[in-house]
Each structure stands twice: as C-alpha cells, then as structure tokens.
Amino acid sequence: MSESKIRAFDSLAWAYDSWFEQEGRLIFALEVEALKQVLPLLPKPWIEIGIGTGRFAQALGIDVGLDPSSQLLKIARNRGARVLLGRGEEAPFKDGSFGAIFFIVTLCFVDSPERILSEAARLLKSQGKVVLGLVLKESPWGQLYQREKETGHRFYRHATFYSYAEVEMLLMQTGFSIEKVASTLFQYPGKVNHIELPRQGFSADAGFAVILAGKTIV
C-alpha cells in the first residue's frame, strides 16, 4: 500500500470505524455470516492481513493481524487482536507460518494484488488457504463504489475493484485455486433492511463475495 493511502486511512480511521456502528451495521452482519461459511475448512493458525480496526477479526476469532495504518491498529488493539504494523507485501513472518490468511476488503486497496497474494503463498503452510472478502466490480455495489471513486469519495478514490474473473486469474497466477464461494448482500444499495442467508457460489447480483482458495504451489 502506498504512503498516500496509508495517510488517508490514518486520518480517517475513526470515521471508517464509526460507519460500522451506523449505516454499515447490517451490512457488516451479512458479511460476517458469509465469511463464517468457510471457517470450518481452514487450518490454523489464522492471520488477517489488512486487519483495519479489527472488527472482522473479533467477529471471526482471528487472533493475529497486520496493517500498515498505525491509527487503525490502535482501534484493533482495543478489540483484543494481537497486531503488527507492516505491509502485507513484505510481511514480517517466516515461510509457512500460517494455515489461513484473510484478506477482507483489502485486495482493492493494495497497489499490487499479485505481490500480496504471492507473499501470502510464502506465508502459508503447504495445505494453507486464503480467504478473500470482496466487493466485486460487476455487482450493483461494485458499480456504485466505482462511481463514487470517480467522484473522489474519501475512501473509494483509493480503491481498485476487480471482477470475479480477474480475481480468479490473480489467484491462479499466484499459486492458488478456488475451492468455495459464498455470496451475500443481494439487497440493493440504500435498501438493506433485513438479514439474509448467504448463498453458495458466485453471483453477479451479490454485493459481497467470499472466495476460499487453496494453495497449489508447495
């Protein structure tokens, strides 16, 4: 992640976190339920790269996190996570340190998804998994965020959104193959008002996709 993006998240840390207490409360609950679909399939230990303020880690039982924003990590520490300041592209861990690595709304903010996924392959054990939580480009939510990016939104102007096919290709190029997909957030932007069950498989109508991929290069 570039220095300009890190400074942006440092300056907006509390605003970012407060979104989850306001209009993002129900959206967050839906996303957590979709992520829980893959937890039984994951070897331990776990780490979240791009842990942010630690909300997902706390909800999912992820003990360790890495993030380049010191201000986000201040909030994550208060949620009980063991966190380190650092970049996922150059993670300060030995080869084969983890059973599963989570990237939850992280891939769209990194400068090189290929580099960070290649680093994830290094950090994982031979049967390790990556879990991606994504807003995909073809979804109604992805289209909305792309428009907001183009008008200079304080968060999304730093994001790059990818299609399902692009994510699948990135994973293949960095030594992973998709094993499971769960989709949620079928309600349209501005109209989220009830809990919904995650659906198995990829859907272009879903605002949030969870992709589990296994390591193919050992």
# chains A, B, ... in the order shown; residues from 1 in each chain; ligands from 1

call {"tool": "residues_around", "arguments": {"residues": "A:Ile49", "least_positions_apart": "6", "cutoff": "7 Å", "atoms": "only C-alpha atoms", "output": "VMD selection string"}}
result
chain A and resid 65 to 67 88 101 to 103

call {"tool": "select_by_dssp", "arguments": {"residues": "stretch 16-218 of chain A", "states": "helix (DSSP H, G or I)", "output": "ChimeraX atom specification"}}
result
/A:16-19,25-36,39-41,55-60,70-78,88-90,107-109,113-123,140-150,156-158,164-173

call {"tool": "residues_around", "arguments": {"residues": "A:Pro68", "least_positions_apart": "5", "cutoff": "8 Å", "atoms": "only C-alpha atoms", "output": "PyMOL selection string"}}
result
chain A and resi 1+6+50+85-87

call {"tool": "closest_residue", "arguments": {"among": "A:Thr174, A:Gln187, A:Thr160, A:Gln200", "to": "A:Val105", "atoms": "only C-alpha atoms"}}
result
A:Thr160

call {"tool": "closest_residue", "arguments": {"among": "A:Ala91, A:Ile75, A:Val130, A:Leu107", "to": "A:Val181", "atoms": "only C-alpha atoms"}}
result
A:Val130

call {"tool": "atom_distance", "arguments": {"atom1": "atom CA of A:Val210", "atom2": "atom CA of A:Gly133"}}
result
4.7 Å

call {"tool": "atom_distance", "arguments": {"atom1": "atom CA of A:Asp63", "atom2": "atom CA of A:Phe28"}}
result
19.0 Å

call {"tool": "residues_around", "arguments": {"residues": "A:Ser4", "least_positions_apart": "4", "cutoff": "9 Å", "atoms": "only C-alpha atoms", "output": "PyMOL selection string"}}
result
chain A and resi 8-9+158

call {"tool": "select_by_dssp", "arguments": {"residues": "chain A", "states": "strand (DSSP E or B)", "output": "JSON, numbers by chain"}}
result
{"A": [46, 47, 48, 49, 64, 65, 66, 67, 82, 83, 84, 85, 98, 99, 100, 101, 102, 103, 104, 124, 125, 126, 127, 128, 129, 130, 131, 132, 133, 134, 176, 177, 178, 179, 180, 181, 182, 183, 184, 199, 200, 208, 209, 210, 211, 212, 213, 214, 215]}

call {"tool": "write_last_selection", "arguments": {"atoms": "C-alpha atoms", "output": "compact mmCIF listing (two decimals), in the first residue's frame"}}
result
# COMPACT_ATOMS: atom_id res chain seq x y z
CA TRP A 46 -5.03 -17.66 11.18
CA ILE A 47 -4.00 -14.10 10.35
CA GLU A 48 -5.86 -11.19 8.79
CA ILE A 49 -3.73 -9.04 6.52
CA VAL A 64 -3.33 -12.02 14.69
CA GLY A 65 -3.42 -9.08 12.29
CA LEU A 66 -1.14 -6.98 10.14
CA ASP A 67 -1.85 -3.49 8.81
CA ARG A 82 -2.50 -9.16 18.50
CA VAL A 83 -1.43 -6.77 15.78
CA LEU A 84 1.72 -5.75 13.98
CA LEU A 85 2.43 -2.66 11.94
CA PHE A 98 0.03 -19.76 8.89
CA GLY A 99 -2.74 -22.16 7.97
CA ALA A 100 -5.09 -19.47 6.64
CA ILE A 101 -4.80 -15.84 5.61
CA PHE A 102 -7.78 -13.50 5.42
CA PHE A 103 -7.97 -10.50 3.08
CA ILE A 104 -11.29 -8.85 3.93
CA LEU A 124 1.10 -20.36 4.17
CA LYS A 125 1.69 -23.97 5.11
CA SER A 126 1.57 -26.50 2.27
CA GLN A 127 -2.18 -27.08 2.69
CA GLY A 128 -2.89 -23.44 3.51
CA LYS A 129 -5.86 -21.36 2.39
CA VAL A 130 -6.60 -17.75 1.57
CA VAL A 131 -9.99 -16.19 2.23
CA LEU A 132 -10.96 -13.12 0.23
CA GLY A 133 -13.88 -10.90 1.19
CA LEU A 134 -14.64 -8.71 -1.81
CA PHE A 176 -4.00 -20.73 -5.70
CA SER A 177 -7.17 -22.39 -6.93
CA ILE A 178 -10.71 -21.51 -5.89
CA GLU A 179 -12.37 -24.16 -3.71
CA LYS A 180 -15.52 -22.47 -2.42
CA VAL A 181 -17.50 -19.26 -2.97
CA ALA A 182 -20.28 -17.75 -0.88
CA SER A 183 -22.32 -14.70 -1.87
CA THR A 184 -24.42 -12.26 0.13
CA ARG A 199 -25.86 -18.39 -1.00
CA GLN A 200 -23.32 -20.85 -2.29
CA PHE A 208 -20.20 -9.19 -1.22
CA ALA A 209 -18.40 -12.38 -2.20
CA VAL A 210 -16.30 -14.71 -0.06
CA ILE A 211 -13.73 -16.70 -2.02
CA LEU A 212 -11.80 -19.56 -0.44
CA ALA A 213 -8.74 -20.67 -2.37
CA GLY A 214 -6.22 -23.40 -1.64
CA LYS A 215 -2.51 -23.27 -2.22

call {"tool": "atom_distance", "arguments": {"atom1": "atom CA of A:Arg55", "atom2": "atom CA of A:Glu166"}}
result
27.2 Å

call {"tool": "closest_residue", "arguments": {"among": "A:Lys94, A:Leu41, A:His194, A:Ala204", "to": "A:Gly142", "atoms": "only C-alpha atoms"}}
result
A:Ala204

call {"tool": "residues_around", "arguments": {"residues": "A:Ala29", "least_positions_apart": "4", "cutoff": "8 Å", "atoms": "only C-alpha atoms", "output": "ChimeraX atom specification"}}
result
/A:25,33,195
